[in-house]
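First up is the structure itself, then whatever we jot down about it.
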Number of protein chains: 2
Amino acid sequence: MAEAEKTTGEKKDENVVFIGSKPFMNYVTGVVMQFTKKGSNEVIVKARGKFISRAVDVAEVTTKRFLNDQGVKVKDIKIDSEEFENKEGKKVNVSTIEITLGK
Amino acid sequence: MAEAEKTTGEKKDENVVFIGSKPFMNYVTGVVMQFTKKGSNEVIVKARGKFISRAVDVAEVTTKRFLNDQGVKVKDIKIDSEEFENKEGKKVNVSTIEITLGK
């Protein structure tokens, strides 16, 4: 990754965990590591469509089971919609969620 | 339902739309009707587990497509976990969401 990126937008993206179809615990570990190893004060869990339920699961499990004793809590939740073109070229809307976890 | 219940907790429950596996538009219509026919100022969209994604879809579609001109917006979002016993008698956690829509 280019050095220029590192100094601009890169740092922020490090604190984002985007939820998809990998094993559930991968995401939990990812969030926990951000707080414990990388010393982040804030991690944003993002998801779209059907992965939104999983994002909520990740937020709940990390805050209540793994990071409870470190005072990490759900600080903010935002929902929104994005428009994108599907394979058939049709415009469809997908819901999104951003859950901000922080100390 | 008993008359006593109607005068106590009942009124509040009328403003809650619980998302499950019925057709998507049933829930959208349910929320829209609460605001337009019943004159509610606030409707809470609730869901558990995999239906959380749907609850976000319902909130997005109702506020952006149907009730936008009436100034209905997402006012608050809460996530939590509930413990319950599954069929095998094992205690499992399920995530929950409550999305408050209001004028």
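For the structure tokens, the naming scheme is as follows: chains receive sequential letters (A, B, ...) according to their order of presentation, residues are indexed from 1 within each chain, and ligands are indexed from 1 in presentation order.
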Leaving out segment 86-97 of chain B and any residue of its chain fewer than 6 positions from it, which residues lie within 6 Å of it when counting only C-alpha atoms, given as a ChimeraX atom specification? /A:57 /B:46-49,78-80
Suppose we keep C-alpha atoms; can you now write the selection as a short mmCIF file (atom, residue, chain, number, x, y, z; two decimals), in the first residue's frame?
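Below is the file that was written, part_20.cif:
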data_model
loop_
_atom_site.label_atom_id
_atom_site.label_comp_id
_atom_site.auth_asym_id
_atom_site.auth_seq_id
_atom_site.Cartn_x
_atom_site.Cartn_y
_atom_site.Cartn_z
CA ASP A 57 -23.96 -10.16 16.74
CA LYS B 46 -38.18 -4.51 16.76
CA ALA B 47 -36.45 -7.70 15.63
CA ARG B 48 -34.29 -10.54 16.86
CA GLY B 49 -31.57 -12.64 15.24
CA LYS B 78 -30.64 0.27 20.33
CA ILE B 79 -29.04 -3.16 20.16
CA ASP B 80 -28.99 -5.75 22.92
#
Name the residues of chain B that fall into strand (DSSP E or B) according to DSSP on the backbone, using the chain letters and numbers of this document, as a ChimeraX atom specification. /B:16-18,42-48,73-85,91-102
Where does DSSP see helix (DSSP H, G or I) in chain A, if you list the residues as a ChimeraX atom specification? /A:3-14,24-36,49-66,68-70
Could those selected residues go to a file with C-alpha atoms, as a compact mmCIF listing (two decimals), in the first residue's frame?
# COMPACT_ATOMS: atom_id res chain seq x y z
CA GLU A 3 2.90 5.59 1.74
CA ALA A 4 0.75 8.51 0.63
CA GLU A 5 -2.38 6.55 1.44
CA LYS A 6 -1.10 5.69 4.85
CA THR A 7 -0.82 9.32 5.78
CA THR A 8 -4.23 10.29 4.45
CA GLY A 9 -7.24 8.03 4.59
CA GLU A 10 -5.51 4.85 5.63
CA LYS A 11 -5.40 5.36 9.35
CA LYS A 12 -9.15 5.72 9.61
CA ASP A 13 -9.84 2.54 7.63
CA GLU A 14 -7.75 0.51 10.02
CA PHE A 24 -18.03 -15.42 12.75
CA MET A 25 -15.11 -15.55 15.16
CA ASN A 26 -12.77 -13.99 12.57
CA TYR A 27 -14.67 -10.74 12.94
CA VAL A 28 -14.89 -10.96 16.71
CA THR A 29 -11.13 -11.52 16.89
CA GLY A 30 -10.57 -8.68 14.45
CA VAL A 31 -12.48 -6.23 16.63
CA VAL A 32 -10.93 -7.45 19.88
CA MET A 33 -7.41 -7.19 18.40
CA GLN A 34 -8.04 -3.61 17.30
CA PHE A 35 -8.69 -2.63 20.89
CA THR A 36 -6.16 -4.84 22.66
CA GLY A 49 -27.81 -6.27 3.51
CA LYS A 50 -28.15 -9.66 5.14
CA PHE A 51 -24.84 -9.22 6.99
CA ILE A 52 -26.38 -6.51 9.18
CA SER A 53 -27.68 -9.12 11.66
CA ARG A 54 -24.15 -10.50 11.91
CA ALA A 55 -22.69 -7.07 12.53
CA VAL A 56 -25.04 -6.70 15.50
CA ASP A 57 -23.96 -10.16 16.74
CA VAL A 58 -20.30 -9.16 16.44
CA ALA A 59 -20.90 -5.92 18.33
CA GLU A 60 -22.83 -7.71 21.08
CA VAL A 61 -20.35 -10.56 21.52
CA THR A 62 -17.26 -8.34 21.50
CA THR A 63 -18.64 -5.76 23.92
CA LYS A 64 -20.40 -8.13 26.32
CA ARG A 65 -18.19 -11.19 26.29
CA PHE A 66 -14.68 -10.03 25.38
CA ASN A 68 -16.68 -5.74 28.84
CA ASP A 69 -13.91 -5.42 31.43
CA GLN A 70 -12.16 -2.83 29.28
Residues within 10 Å of Asp76 of chain A, only C-alpha atoms, excluding chain neighbours under 6 positions, as an MDAnalysis selection string: (chainID A and resid 44 98:102) or (chainID B and resid 76:78)
Hey, can you spit out that residue selection with N, CA and C atoms as a PDB file, in the first residue's frame?
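result22.pdb, freshly written:
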ATOM      1  N   ILE A  44     -15.179   0.727  14.165  1.00  0.00           N
ATOM      2  CA  ILE A  44     -16.486   0.794  13.509  1.00  0.00           C
ATOM      3  C   ILE A  44     -16.773  -0.520  12.792  1.00  0.00           C
ATOM      4  N   GLU A  98     -23.654   0.983  10.542  1.00  0.00           N
ATOM      5  CA  GLU A  98     -22.333   1.313  11.089  1.00  0.00           C
ATOM      6  C   GLU A  98     -22.474   1.361  12.595  1.00  0.00           C
ATOM      7  N   ILE A  99     -21.817   0.439  13.255  1.00  0.00           N
ATOM      8  CA  ILE A  99     -21.886   0.397  14.720  1.00  0.00           C
ATOM      9  C   ILE A  99     -20.536   0.847  15.267  1.00  0.00           C
ATOM     10  N   THR A 100     -20.525   1.942  15.967  1.00  0.00           N
ATOM     11  CA  THR A 100     -19.278   2.451  16.546  1.00  0.00           C
ATOM     12  C   THR A 100     -19.104   1.930  17.963  1.00  0.00           C
ATOM     13  N   LEU A 101     -18.002   1.191  18.164  1.00  0.00           N
ATOM     14  CA  LEU A 101     -17.659   0.689  19.491  1.00  0.00           C
ATOM     15  C   LEU A 101     -16.515   1.538  20.030  1.00  0.00           C
ATOM     16  N   GLY A 102     -16.593   1.877  21.293  1.00  0.00           N
ATOM     17  CA  GLY A 102     -15.520   2.703  21.845  1.00  0.00           C
ATOM     18  C   GLY A 102     -15.460   2.639  23.360  1.00  0.00           C
TER      19      GLY A 102
ATOM     20  N   ASP B  76     -33.741   6.816  17.024  1.00  0.00           N
ATOM     21  CA  ASP B  76     -32.864   6.120  17.958  1.00  0.00           C
ATOM     22  C   ASP B  76     -32.739   4.653  17.532  1.00  0.00           C
ATOM     23  N   ILE B  77     -31.579   4.082  17.766  1.00  0.00           N
ATOM     24  CA  ILE B  77     -31.365   2.658  17.497  1.00  0.00           C
ATOM     25  C   ILE B  77     -30.672   2.047  18.710  1.00  0.00           C
ATOM     26  N   LYS B  78     -31.257   0.981  19.215  1.00  0.00           N
ATOM     27  CA  LYS B  78     -30.642   0.267  20.330  1.00  0.00           C
ATOM     28  C   LYS B  78     -30.414  -1.184  19.938  1.00  0.00           C
TER      29      LYS B  78
END
Pick the closest to chain B from A:Leu67, A:Lys22, A:Lys103, A:Lys73: which is it, counting only C-alpha atoms?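 When distances to chain B are compared using only C-alpha atoms, the smallest one comes from A:Lys73.
Across the model, the gap from atom CA of Glu83 of chain A to atom CA of Lys75 of chain B is 22.4 Å.
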